[in-house]
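Peer 1: my_file.cif is the file, holding mmCIF, C-alpha atoms:
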```cif
data_my_file
loop_
_atom_site.group_PDB
_atom_site.id
_atom_site.type_symbol
_atom_site.label_atom_id
_atom_site.label_comp_id
_atom_site.auth_asym_id
_atom_site.auth_seq_id
_atom_site.Cartn_x
_atom_site.Cartn_y
_atom_site.Cartn_z
ATOM 1 C CA MET A 18 16.344 11.576 -12.138
ATOM 2 C CA TYR A 19 18.096 8.499 -10.773
ATOM 3 C CA ARG A 20 16.206 5.385 -11.881
ATOM 4 C CA LYS A 21 17.200 1.794 -11.168
ATOM 5 C CA LEU A 22 15.414 -1.307 -12.464
ATOM 6 C CA ASP A 23 15.983 -4.604 -10.702
ATOM 7 C CA SER A 24 14.345 -8.008 -10.209
ATOM 8 C CA TRP A 25 14.845 -11.376 -8.601
ATOM 9 C CA GLN A 26 13.262 -14.804 -8.504
ATOM 10 C CA SER A 27 10.986 -14.653 -5.484
ATOM 11 C CA PRO A 28 11.111 -17.827 -3.384
ATOM 12 C CA HIS A 29 7.704 -17.010 -1.923
ATOM 13 C CA LEU A 30 5.966 -16.407 -5.247
ATOM 14 C CA ASP A 31 8.122 -18.679 -7.418
ATOM 15 C CA LYS A 32 8.344 -16.073 -10.166
ATOM 16 C CA GLU A 33 10.534 -13.185 -11.253
ATOM 17 C CA MET A 34 9.417 -10.027 -9.488
ATOM 18 C CA PRO A 35 10.567 -6.609 -10.727
ATOM 19 C CA ILE A 36 11.159 -3.442 -8.751
ATOM 20 C CA VAL A 37 12.098 0.093 -9.702
ATOM 21 C CA ARG A 38 13.732 2.756 -7.580
ATOM 22 C CA TYR A 39 13.563 6.496 -8.178
ATOM 23 C CA GLY A 40 16.007 8.729 -6.307
ATOM 24 C CA GLU A 41 19.275 7.955 -4.567
ATOM 25 C CA SER A 42 18.439 9.321 -1.116
ATOM 26 C CA GLY A 43 15.539 10.250 1.096
ATOM 27 C CA ALA A 44 12.924 8.452 3.178
ATOM 28 C CA PRO A 45 11.770 5.259 1.407
ATOM 29 C CA MET A 46 8.251 5.007 0.045
ATOM 30 C CA LEU A 47 6.801 1.756 -1.306
ATOM 31 C CA PHE A 48 4.204 2.133 -4.076
ATOM 32 C CA PHE A 49 1.615 -0.557 -4.813
ATOM 33 C CA PRO A 50 -0.073 -0.458 -8.254
ATOM 34 C CA THR A 51 -3.784 -0.291 -8.976
ATOM 35 C CA ALA A 52 -5.887 -3.282 -10.025
ATOM 36 C CA ALA A 53 -4.014 -5.499 -12.516
ATOM 37 C CA ALA A 54 -1.298 -2.953 -13.302
ATOM 38 C CA ASP A 55 2.448 -3.312 -12.851
ATOM 39 C CA TYR A 56 5.424 -1.713 -11.134
ATOM 40 C CA LEU A 57 5.881 0.954 -13.833
ATOM 41 C CA GLU A 58 2.291 2.204 -13.685
ATOM 42 C CA TYR A 59 3.081 5.293 -11.616
ATOM 43 C CA GLU A 60 5.784 6.212 -14.106
ATOM 44 C CA ARG A 61 3.506 5.750 -17.140
ATOM 45 C CA PHE A 62 0.865 8.001 -15.628
ATOM 46 C CA ARG A 63 3.582 10.601 -14.952
ATOM 47 C CA LEU A 64 3.048 10.637 -11.226
ATOM 48 C CA ILE A 65 6.760 9.933 -10.669
ATOM 49 C CA GLU A 66 7.619 12.868 -12.919
ATOM 50 C CA ALA A 67 5.281 15.064 -10.879
ATOM 51 C CA MET A 68 7.080 13.977 -7.697
ATOM 52 C CA GLU A 69 10.490 14.847 -9.117
ATOM 53 C CA PRO A 70 11.053 17.859 -6.804
ATOM 54 C CA TYR A 71 10.685 15.619 -3.745
ATOM 55 C CA ILE A 72 12.798 12.838 -5.252
ATOM 56 C CA GLU A 73 15.581 14.999 -6.684
ATOM 57 C CA GLY A 74 15.568 17.096 -3.514
ATOM 58 C CA GLY A 75 16.356 14.007 -1.426
ATOM 59 C CA LEU A 76 13.125 14.117 0.545
ATOM 60 C CA VAL A 77 11.930 10.669 -0.571
ATOM 61 C CA SER A 78 13.190 7.692 -2.521
ATOM 62 C CA VAL A 79 10.406 5.780 -4.256
ATOM 63 C CA PHE A 80 10.297 2.010 -4.740
ATOM 64 C CA SER A 81 7.513 0.534 -6.871
ATOM 65 C CA ILE A 82 6.612 -3.150 -7.211
ATOM 66 C CA ASP A 83 4.149 -5.464 -8.922
ATOM 67 C CA SER A 84 1.127 -6.856 -7.113
ATOM 68 C CA VAL A 85 -0.361 -10.330 -7.497
ATOM 69 C CA ASN A 86 -3.828 -9.030 -8.289
ATOM 70 C CA ARG A 87 -3.754 -10.303 -11.859
ATOM 71 C CA ASP A 88 -2.726 -13.792 -10.717
ATOM 72 C CA ALA A 89 -4.804 -13.861 -7.554
ATOM 73 C CA TRP A 90 -7.715 -11.600 -6.637
ATOM 74 C CA LEU A 91 -8.703 -10.752 -10.222
ATOM 75 C CA ASN A 92 -8.101 -14.242 -11.611
ATOM 76 C CA GLU A 93 -11.428 -16.010 -12.061
ATOM 77 C CA ASP A 94 -9.681 -19.095 -13.455
ATOM 78 C CA ILE A 95 -8.558 -20.182 -9.998
ATOM 79 C CA GLU A 96 -10.528 -20.952 -6.854
ATOM 80 C CA PRO A 97 -10.867 -18.273 -4.167
ATOM 81 C CA ALA A 98 -8.848 -20.430 -1.766
ATOM 82 C CA GLU A 99 -5.891 -20.240 -4.161
ATOM 83 C CA ARG A 100 -6.350 -16.490 -4.539
ATOM 84 C CA ALA A 101 -6.095 -16.102 -0.786
ATOM 85 C CA ARG A 102 -3.072 -18.412 -0.612
ATOM 86 C CA LEU A 103 -1.293 -16.261 -3.201
ATOM 87 C CA GLN A 104 -2.056 -13.184 -1.115
ATOM 88 C CA VAL A 105 -0.329 -14.813 1.870
ATOM 89 C CA ALA A 106 2.711 -15.532 -0.294
ATOM 90 C CA TYR A 107 2.669 -11.952 -1.560
ATOM 91 C CA ASP A 108 2.542 -10.584 1.964
ATOM 92 C CA ARG A 109 5.650 -12.600 2.795
ATOM 93 C CA TYR A 110 7.353 -11.443 -0.396
ATOM 94 C CA VAL A 111 6.761 -7.823 0.627
ATOM 95 C CA SER A 112 7.605 -8.131 4.332
ATOM 96 C CA GLU A 113 10.650 -10.359 3.909
ATOM 97 C CA GLU A 114 12.067 -9.829 0.419
ATOM 98 C CA VAL A 115 11.099 -6.267 -0.539
ATOM 99 C CA VAL A 116 11.840 -4.851 2.907
ATOM 100 C CA ALA A 117 15.281 -6.485 2.904
ATOM 101 C CA TYR A 118 15.958 -5.072 -0.562
ATOM 102 C CA ILE A 119 14.941 -1.533 0.444
ATOM 103 C CA GLU A 120 17.009 -1.675 3.622
ATOM 104 C CA LYS A 121 20.048 -2.780 1.611
ATOM 105 C CA GLU A 122 19.491 -0.088 -1.019
ATOM 106 C CA CYS A 123 19.115 2.583 1.664
ATOM 107 C CA ARG A 124 22.070 1.177 3.636
ATOM 108 C CA THR A 125 19.947 1.451 6.769
ATOM 109 C CA PRO A 126 18.744 -1.742 8.484
ATOM 110 C CA GLY A 127 15.389 -1.171 10.127
ATOM 111 C CA ILE A 128 14.635 2.025 8.237
ATOM 112 C CA GLY A 129 10.921 2.828 8.404
ATOM 113 C CA ILE A 130 9.117 2.551 5.079
ATOM 114 C CA THR A 131 5.964 4.443 4.162
ATOM 115 C CA THR A 132 3.491 2.621 1.934
ATOM 116 C CA THR A 133 1.125 4.185 -0.528
ATOM 117 C CA GLY A 134 -1.189 3.189 -3.325
ATOM 118 C CA ALA A 135 -4.362 4.197 -5.087
ATOM 119 C CA SER A 136 -7.503 2.109 -5.580
ATOM 120 C CA PHE A 137 -6.496 -1.568 -5.162
ATOM 121 C CA GLY A 138 -3.031 -0.336 -4.260
ATOM 122 C CA ALA A 139 -4.497 1.356 -1.187
ATOM 123 C CA PHE A 140 -5.660 -2.041 0.073
ATOM 124 C CA HIS A 141 -2.141 -3.451 -0.156
ATOM 125 C CA ALA A 142 -0.626 -0.316 1.374
ATOM 126 C CA MET A 143 -2.966 -0.499 4.368
ATOM 127 C CA ASN A 144 -2.818 -4.271 4.822
ATOM 128 C CA THR A 145 0.983 -4.255 4.719
ATOM 129 C CA LEU A 146 1.304 -1.529 7.325
ATOM 130 C CA LEU A 147 -1.205 -3.051 9.730
ATOM 131 C CA LYS A 148 0.384 -6.499 9.561
ATOM 132 C CA HIS A 149 3.984 -5.299 9.825
ATOM 133 C CA PRO A 150 4.124 -2.057 11.837
ATOM 134 C CA ARG A 151 7.709 -2.703 12.948
ATOM 135 C CA GLN A 152 8.876 -2.434 9.339
ATOM 136 C CA PHE A 153 6.546 0.268 8.060
ATOM 137 C CA ARG A 154 6.242 3.735 9.563
ATOM 138 C CA GLY A 155 3.090 4.951 7.853
ATOM 139 C CA THR A 156 0.710 4.824 4.922
ATOM 140 C CA ILE A 157 -1.097 7.168 2.567
ATOM 141 C CA ALA A 158 -4.021 5.091 1.298
ATOM 142 C CA MET A 159 -5.846 6.799 -1.556
ATOM 143 C CA SER A 160 -9.338 5.965 -2.864
ATOM 144 C CA GLY A 161 -9.241 2.428 -1.517
ATOM 145 C CA CYS A 162 -11.514 -0.437 -0.577
ATOM 146 C CA PHE A 163 -10.263 -2.330 2.461
ATOM 147 C CA ASP A 164 -12.581 -5.352 2.381
ATOM 148 C CA ILE A 165 -11.154 -8.082 0.155
ATOM 149 C CA ARG A 166 -14.220 -10.308 0.475
ATOM 150 C CA SER A 167 -15.622 -8.743 -2.679
ATOM 151 C CA CYS A 168 -13.012 -10.759 -4.601
ATOM 152 C CA CYS A 169 -13.785 -14.063 -2.892
ATOM 153 C CA GLY A 170 -17.195 -15.016 -4.280
ATOM 154 C CA GLY A 171 -18.487 -15.858 -0.804
ATOM 155 C CA TYR A 172 -15.490 -18.017 0.096
ATOM 156 C CA HIS A 173 -13.826 -17.395 3.447
ATOM 157 C CA ASP A 174 -10.905 -18.913 5.337
ATOM 158 C CA GLU A 175 -8.139 -17.756 7.675
ATOM 159 C CA ASN A 176 -6.020 -16.546 4.759
ATOM 160 C CA VAL A 177 -8.843 -14.219 3.723
ATOM 161 C CA TYR A 178 -9.472 -13.147 7.311
ATOM 162 C CA PHE A 179 -5.873 -12.302 8.170
ATOM 163 C CA ASN A 180 -5.462 -10.260 4.975
ATOM 164 C CA ASN A 181 -8.695 -8.348 5.356
ATOM 165 C CA PRO A 182 -8.203 -5.232 7.505
ATOM 166 C CA VAL A 183 -11.888 -4.599 8.128
ATOM 167 C CA GLU A 184 -12.118 -8.082 9.673
ATOM 168 C CA PHE A 185 -8.918 -8.675 11.602
ATOM 169 C CA VAL A 186 -8.352 -5.199 13.057
ATOM 170 C CA PRO A 187 -11.544 -5.141 15.210
ATOM 171 C CA ASN A 188 -10.407 -8.367 16.893
ATOM 172 C CA LEU A 189 -6.804 -7.377 17.595
ATOM 173 C CA GLU A 190 -6.015 -7.860 21.274
ATOM 174 C CA ASP A 191 -2.213 -8.083 21.191
ATOM 175 C CA HIS A 192 -1.213 -5.012 23.207
ATOM 176 C CA CYS A 193 2.313 -4.839 21.779
ATOM 177 C CA LEU A 194 1.081 -5.076 18.191
ATOM 178 C CA LEU A 195 -1.571 -2.445 18.794
ATOM 179 C CA GLU A 196 0.997 -0.096 20.310
ATOM 180 C CA GLU A 197 3.263 -0.603 17.305
ATOM 181 C CA ILE A 198 0.392 0.235 14.953
ATOM 182 C CA ARG A 199 -0.522 3.272 17.062
ATOM 183 C CA ALA A 200 3.038 4.543 16.641
ATOM 184 C CA THR A 201 2.668 4.667 12.845
ATOM 185 C CA ARG A 202 1.089 7.438 10.801
ATOM 186 C CA ILE A 203 -2.035 6.474 8.874
ATOM 187 C CA THR A 204 -3.793 8.696 6.353
ATOM 188 C CA ILE A 205 -6.876 7.603 4.443
ATOM 189 C CA VAL A 206 -7.854 10.005 1.690
ATOM 190 C CA SER A 207 -10.611 9.805 -0.897
ATOM 191 C CA GLY A 208 -12.573 11.981 -3.218
ATOM 192 C CA GLN A 209 -16.347 12.023 -3.275
ATOM 193 C CA GLY A 210 -16.851 12.373 -7.019
ATOM 194 C CA ASP A 211 -17.226 9.954 -9.919
ATOM 195 C CA TYR A 212 -16.271 6.330 -9.168
ATOM 196 C CA GLU A 213 -15.091 7.167 -5.665
ATOM 197 C CA HIS A 214 -16.484 5.304 -2.640
ATOM 198 C CA PRO A 215 -15.804 7.462 0.411
ATOM 199 C CA ASP A 216 -17.850 5.133 2.624
ATOM 200 C CA TYR A 217 -15.058 2.548 2.290
ATOM 201 C CA SER A 218 -12.638 5.096 3.706
ATOM 202 C CA ARG A 219 -15.046 6.088 6.472
ATOM 203 C CA GLU A 220 -15.473 2.428 7.426
ATOM 204 C CA MET A 221 -11.741 1.746 7.654
ATOM 205 C CA ALA A 222 -11.070 4.930 9.592
ATOM 206 C CA GLY A 223 -13.870 4.122 12.037
ATOM 207 C CA ILE A 224 -12.474 0.639 12.660
ATOM 208 C CA LEU A 225 -9.047 2.066 13.428
ATOM 209 C CA GLU A 226 -10.459 4.739 15.713
ATOM 210 C CA ASP A 227 -12.444 2.115 17.632
ATOM 211 C CA LYS A 228 -9.144 0.382 18.439
ATOM 212 C CA GLY A 229 -7.513 3.598 19.592
ATOM 213 C CA ILE A 230 -5.336 3.796 16.481
ATOM 214 C CA PRO A 231 -4.740 7.385 15.339
ATOM 215 C CA VAL A 232 -5.863 7.962 11.753
ATOM 216 C CA THR A 233 -6.398 10.962 9.526
ATOM 217 C CA LEU A 234 -9.509 10.643 7.355
ATOM 218 C CA ASP A 235 -9.449 13.249 4.618
ATOM 219 C CA LEU A 236 -12.435 13.316 2.253
ATOM 220 C CA TRP A 237 -11.982 15.677 -0.676
ATOM 221 C CA GLY A 238 -14.848 17.281 -2.570
ATOM 222 C CA GLU A 239 -17.538 15.975 -4.869
ATOM 223 C CA ASP A 240 -15.509 17.183 -7.853
ATOM 224 C CA VAL A 241 -12.660 14.813 -6.944
ATOM 225 C CA LYS A 242 -12.770 11.740 -9.176
ATOM 226 C CA HIS A 243 -11.202 8.287 -8.984
ATOM 227 C CA ASP A 244 -8.379 9.258 -11.314
ATOM 228 C CA TRP A 245 -4.667 9.923 -11.605
ATOM 229 C CA PRO A 246 -4.614 13.744 -11.535
ATOM 230 C CA TRP A 247 -6.250 13.669 -8.122
ATOM 231 C CA TRP A 248 -3.935 10.997 -6.723
ATOM 232 C CA GLU A 249 -1.036 13.161 -7.863
ATOM 233 C CA ARG A 250 -2.497 16.102 -5.945
ATOM 234 C CA MET A 251 -3.058 13.979 -2.859
ATOM 235 C CA LEU A 252 0.580 12.905 -2.771
ATOM 236 C CA HIS A 253 1.731 16.467 -3.406
ATOM 237 C CA HIS A 254 -0.340 17.503 -0.405
ATOM 238 C CA TYR A 255 0.819 14.802 2.008
ATOM 239 C CA ILE A 256 4.437 14.008 1.164
ATOM 240 C CA PRO A 257 5.815 17.296 2.513
ATOM 241 C CA THR A 258 3.919 16.854 5.783
ATOM 242 C CA TYR A 259 5.124 13.256 6.193
ATOM 243 C CA PHE A 260 8.790 13.856 5.539
ATOM 244 C CA ALA A 261 9.510 17.511 6.271
#
```
I'd like the structure from this file rewritten - as structure tokens, please.
Peer 2:
Amino acid sequence: MYRKLDSWQSPHLDKEMPIVRYGESGAPMLFFPTAAADYLEYERFRLIEAMEPYIEGGLVSVFSIDSVNRDAWLNEDIEPAERARLQVAYDRYVSEEVVAYIEKECRTPGIGITTTGASFGAFHAMNTLLKHPRQFRGTIAMSGCFDIRSCCGGYHDENVYFNNPVEFVPNLEDHCLLEEIRATRITIVSGQGDYEHPDYSREMAGILEDKGIPVTLDLWGEDVKHDWPWWERMLHHYIPTYFA
């Protein structure tokens, strides 16, 4: 399988940020890691290997990046205000730097990118799509929580608000932005077994529906746990329907 490692010094984050690409052709997908993990997490857990038929067949080309969770949301050594500020910088890194990189790699300016991620990665996948629907065509958000206030210790400011989908989406009134979001494809999928929280998915889906934003809410059974084998199955189920 084609695999390319790359990195650059991010002007928004002021640090070296790595990226890996799998596959030379196909619709681009952007993977966000879970919790404090890194850009190679999906490879280590063999999810990329499991997706090889779609990648080698030219259906999708996968790009995977680091998050700032370790430095920001999960870093108790800094104040919540700084955690939120780092999230803003990360959002700009993704929307300006990563998007430009993917467009150059795909040789297609303006190509629509589909985001995905599991657990904490689902938050970033959803937040990125909703804030930048012109650049992102859809998301498959797996087993996520979409309310970042749990990482803020009661602190709240506009940086938290505008990176918290359950807060900013209900108040969206920009008709053009709403229409752009409505033109994307949003899937929220969760199990209902051990360590899953399907109510988080129900809440996010309900918020989107209340704004007239089409969303597929897919709750799998009570045997479906918060774990890698199930996220692999979820992607196997949805990738062919997204890109066929």
Peer 1: Enumerate, as a ChimeraX atom specification, the residues matched when the PyMOL selection byres ((chain A and resi 231-238) around 12) is run on the file above.
Peer 2: /A:143,155-161,195-211,213-230,239-243,247-248,250-251,254-255
Peer 1: Could you please take those selected residues and save C-alpha atoms as an mmCIF file, keeping the file's coordinate frame?
Peer 2:
```
data_model
loop_
_atom_site.group_PDB
_atom_site.id
_atom_site.type_symbol
_atom_site.label_atom_id
_atom_site.label_comp_id
_atom_site.auth_asym_id
_atom_site.auth_seq_id
_atom_site.Cartn_x
_atom_site.Cartn_y
_atom_site.Cartn_z
ATOM 1 C CA MET A 143 -2.966 -0.499 4.368
ATOM 2 C CA GLY A 155 3.090 4.951 7.853
ATOM 3 C CA THR A 156 0.710 4.824 4.922
ATOM 4 C CA ILE A 157 -1.097 7.168 2.567
ATOM 5 C CA ALA A 158 -4.021 5.091 1.298
ATOM 6 C CA MET A 159 -5.846 6.799 -1.556
ATOM 7 C CA SER A 160 -9.338 5.965 -2.864
ATOM 8 C CA GLY A 161 -9.241 2.428 -1.517
ATOM 9 C CA LEU A 195 -1.571 -2.445 18.794
ATOM 10 C CA GLU A 196 0.997 -0.096 20.310
ATOM 11 C CA GLU A 197 3.263 -0.603 17.305
ATOM 12 C CA ILE A 198 0.392 0.235 14.953
ATOM 13 C CA ARG A 199 -0.522 3.272 17.062
ATOM 14 C CA ALA A 200 3.038 4.543 16.641
ATOM 15 C CA THR A 201 2.668 4.667 12.845
ATOM 16 C CA ARG A 202 1.089 7.438 10.801
ATOM 17 C CA ILE A 203 -2.035 6.474 8.874
ATOM 18 C CA THR A 204 -3.793 8.696 6.353
ATOM 19 C CA ILE A 205 -6.876 7.603 4.443
ATOM 20 C CA VAL A 206 -7.854 10.005 1.690
ATOM 21 C CA SER A 207 -10.611 9.805 -0.897
ATOM 22 C CA GLY A 208 -12.573 11.981 -3.218
ATOM 23 C CA GLN A 209 -16.347 12.023 -3.275
ATOM 24 C CA GLY A 210 -16.851 12.373 -7.019
ATOM 25 C CA ASP A 211 -17.226 9.954 -9.919
ATOM 26 C CA GLU A 213 -15.091 7.167 -5.665
ATOM 27 C CA HIS A 214 -16.484 5.304 -2.640
ATOM 28 C CA PRO A 215 -15.804 7.462 0.411
ATOM 29 C CA ASP A 216 -17.850 5.133 2.624
ATOM 30 C CA TYR A 217 -15.058 2.548 2.290
ATOM 31 C CA SER A 218 -12.638 5.096 3.706
ATOM 32 C CA ARG A 219 -15.046 6.088 6.472
ATOM 33 C CA GLU A 220 -15.473 2.428 7.426
ATOM 34 C CA MET A 221 -11.741 1.746 7.654
ATOM 35 C CA ALA A 222 -11.070 4.930 9.592
ATOM 36 C CA GLY A 223 -13.870 4.122 12.037
ATOM 37 C CA ILE A 224 -12.474 0.639 12.660
ATOM 38 C CA LEU A 225 -9.047 2.066 13.428
ATOM 39 C CA GLU A 226 -10.459 4.739 15.713
ATOM 40 C CA ASP A 227 -12.444 2.115 17.632
ATOM 41 C CA LYS A 228 -9.144 0.382 18.439
ATOM 42 C CA GLY A 229 -7.513 3.598 19.592
ATOM 43 C CA ILE A 230 -5.336 3.796 16.481
ATOM 44 C CA GLU A 239 -17.538 15.975 -4.869
ATOM 45 C CA ASP A 240 -15.509 17.183 -7.853
ATOM 46 C CA VAL A 241 -12.660 14.813 -6.944
ATOM 47 C CA LYS A 242 -12.770 11.740 -9.176
ATOM 48 C CA HIS A 243 -11.202 8.287 -8.984
ATOM 49 C CA TRP A 247 -6.250 13.669 -8.122
ATOM 50 C CA TRP A 248 -3.935 10.997 -6.723
ATOM 51 C CA ARG A 250 -2.497 16.102 -5.945
ATOM 52 C CA MET A 251 -3.058 13.979 -2.859
ATOM 53 C CA HIS A 254 -0.340 17.503 -0.405
ATOM 54 C CA TYR A 255 0.819 14.802 2.008
#
```
Peer 1: Taking only residues of stretch 139-211 of chain A that have an atom at most 8 Å from an atom of stretch 92-97 of chain A, what is each one's shortest atom pair and its distance in Å to one decimal, using only C-alpha atoms, in chain and number order, as CSV?
Peer 2:
```
residue,atom,partner,partner_atom,distance
A:Cys168,CA,A:Pro97,CA,7.8
A:Cys169,CA,A:Pro97,CA,5.3
A:Gly170,CA,A:Pro97,CA,7.1
A:Tyr172,CA,A:Pro97,CA,6.3
```
Peer 1: For the file shown, report as a list in words the outcome of the PyMOL selection byres ((chain A and resi 62-70) around 9) at residue level.
Peer 2: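 Taken on the displayed file, the PyMOL selection byres ((chain A and resi 62-70) around 9) yields the residues Met18, Tyr39, Gly40, Leu57, Glu58, Tyr59, Glu60, Arg61, Tyr71, Ile72, Glu73, Gly74, Gly75, Leu76, Val79, Trp245, Pro246, Trp248, Glu249, Leu252 and His253 of chain A.
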Peer 1: Let me make sure I understand: among A:Arg109, A:Arg102, A:Arg124, A:Lys21, which one has the smallest atom-to-atom distance to A:Gly43 if we use all atoms listed in the file?
Peer 2: A:Arg124
Peer 1: So the first atom is atom CA of A:Ser24 and the second is atom CA of A:Ala54; what is the distance between them in Å, to one decimal place?
Peer 2: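 Distance between the two atoms: 16.7 Å.
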Peer 1: As an exercise, work out the distance from atom CA of A:Asn181 to atom CA of A:Arg87 in Å and give it to one decimal place.
Peer 2: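 We find that atom CA of A:Asn181 and atom CA of A:Arg87 lie 18.0 Å from each other.
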Peer 1: A:Trp90, A:Asp31, A:Phe260, A:Pro182: which is nearest A:Ala106, counting only C-alpha atoms?
Peer 2: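 Closest candidate: A:Asp31.
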Peer 1: Name every residue that the PyMOL selection byres ((chain A and resi 149-151) around 8) selects in this structure, writing the answer as a list in words with chains first and numbers rising.
Peer 2: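 Output from the PyMOL selection byres ((chain A and resi 149-151) around 8), applied to this file: Ser112, Gly129, Thr145, Leu146, Leu147, Lys148, Gln152, Phe153, Arg154, Leu194, Glu197, Ile198 and Thr201 of chain A.
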Peer 1: Which residue is closest to A:Pro45? Choose from A:Gly127, A:Pro187, A:Gly171, A:Gly138 and count only C-alpha atoms.
Peer 2: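 Under the stated criterion, the closest residue is A:Gly127.
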Peer 1: My list of candidates is A:Cys193, A:Ile82, A:Ala101, A:Met34. Which is closest to A:His173 when distances are computed with only C-alpha atoms?
Peer 2: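 Closest to A:His173 of all the choices is A:Ala101.
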Peer 1: Would you compute the distance between atom CA of A:Val116 and atom CA of A:Ile36? Give it in Å to one decimal.
Peer 2: 11.8 Å
Peer 1: Ranking A:Ala44, A:Ala117, A:Ala261, A:Ala52 by minimum distance to A:Asn86 and counting all atoms listed in the file, which one comes first?
Peer 2: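 Looking at the shortest contact to A:Asn86, the residue is A:Ala52.
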Peer 1: Counting all atoms listed in the file, select every polymer residue within 10 Å of (-6.2, -11.6, 5.4) as defined in the file's coordinates, and provide the selection as a list of chain:residue names.
Peer 2: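 Checked against the point, the hits come out as A:Ala101, A:Arg102, A:Gln104, A:Val105, A:Asp108, A:Asn144, A:Lys148, A:Asp164, A:Ile165, A:Arg166, A:His173, A:Asp174, A:Glu175, A:Asn176, A:Val177, A:Tyr178, A:Phe179, A:Asn180, A:Asn181, A:Pro182, A:Val183, A:Glu184, A:Phe185.
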Peer 1: Kindly export the residues of the current selection with C-alpha atoms, as a PDB file, in the frame of the given file.
Peer 2:
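File result_25.pdb, as written:
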```
ATOM      1  CA  ALA A 101      -6.095 -16.102  -0.786  1.00  0.00           C
ATOM      2  CA  ARG A 102      -3.072 -18.412  -0.612  1.00  0.00           C
ATOM      3  CA  GLN A 104      -2.056 -13.184  -1.115  1.00  0.00           C
ATOM      4  CA  VAL A 105      -0.329 -14.813   1.870  1.00  0.00           C
ATOM      5  CA  ASP A 108       2.542 -10.584   1.964  1.00  0.00           C
ATOM      6  CA  ASN A 144      -2.818  -4.271   4.822  1.00  0.00           C
ATOM      7  CA  LYS A 148       0.384  -6.499   9.561  1.00  0.00           C
ATOM      8  CA  ASP A 164     -12.581  -5.352   2.381  1.00  0.00           C
ATOM      9  CA  ILE A 165     -11.154  -8.082   0.155  1.00  0.00           C
ATOM     10  CA  ARG A 166     -14.220 -10.308   0.475  1.00  0.00           C
ATOM     11  CA  HIS A 173     -13.826 -17.395   3.447  1.00  0.00           C
ATOM     12  CA  ASP A 174     -10.905 -18.913   5.337  1.00  0.00           C
ATOM     13  CA  GLU A 175      -8.139 -17.756   7.675  1.00  0.00           C
ATOM     14  CA  ASN A 176      -6.020 -16.546   4.759  1.00  0.00           C
ATOM     15  CA  VAL A 177      -8.843 -14.219   3.723  1.00  0.00           C
ATOM     16  CA  TYR A 178      -9.472 -13.147   7.311  1.00  0.00           C
ATOM     17  CA  PHE A 179      -5.873 -12.302   8.170  1.00  0.00           C
ATOM     18  CA  ASN A 180      -5.462 -10.260   4.975  1.00  0.00           C
ATOM     19  CA  ASN A 181      -8.695  -8.348   5.356  1.00  0.00           C
ATOM     20  CA  PRO A 182      -8.203  -5.232   7.505  1.00  0.00           C
ATOM     21  CA  VAL A 183     -11.888  -4.599   8.128  1.00  0.00           C
ATOM     22  CA  GLU A 184     -12.118  -8.082   9.673  1.00  0.00           C
ATOM     23  CA  PHE A 185      -8.918  -8.675  11.602  1.00  0.00           C
TER      24      PHE A 185
END
```
Peer 1: Between A:Phe48, A:Asp88, A:Val115, A:Cys162, single out the one closest to A:Leu103, counting only C-alpha atoms.
Peer 2: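 Smallest separation from A:Leu103 among the options: A:Asp88.
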Peer 1: Listed atoms of stretch 53-69 of chain A, axis-aligned box, 4 Å per side: centre and edge lengths to one decimal in Å, as JSON?
Peer 2:
```
{"center_x": 3.2, "center_y": 4.8, "center_z": -12.4, "size_x": 22.5, "size_y": 28.6, "size_z": 17.4}
```
Peer 1: If we count all atoms listed in the file and set the cut-off at 7 Å, which residues sit around A:Thr51, ignoring sequence neighbours fewer than 5 positions away in its own chain? Please answer as a list of chain:residue names.
Peer 2: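 My list of contacting residues is A:Ala135, A:Ser136, A:Phe137, A:Gly138.
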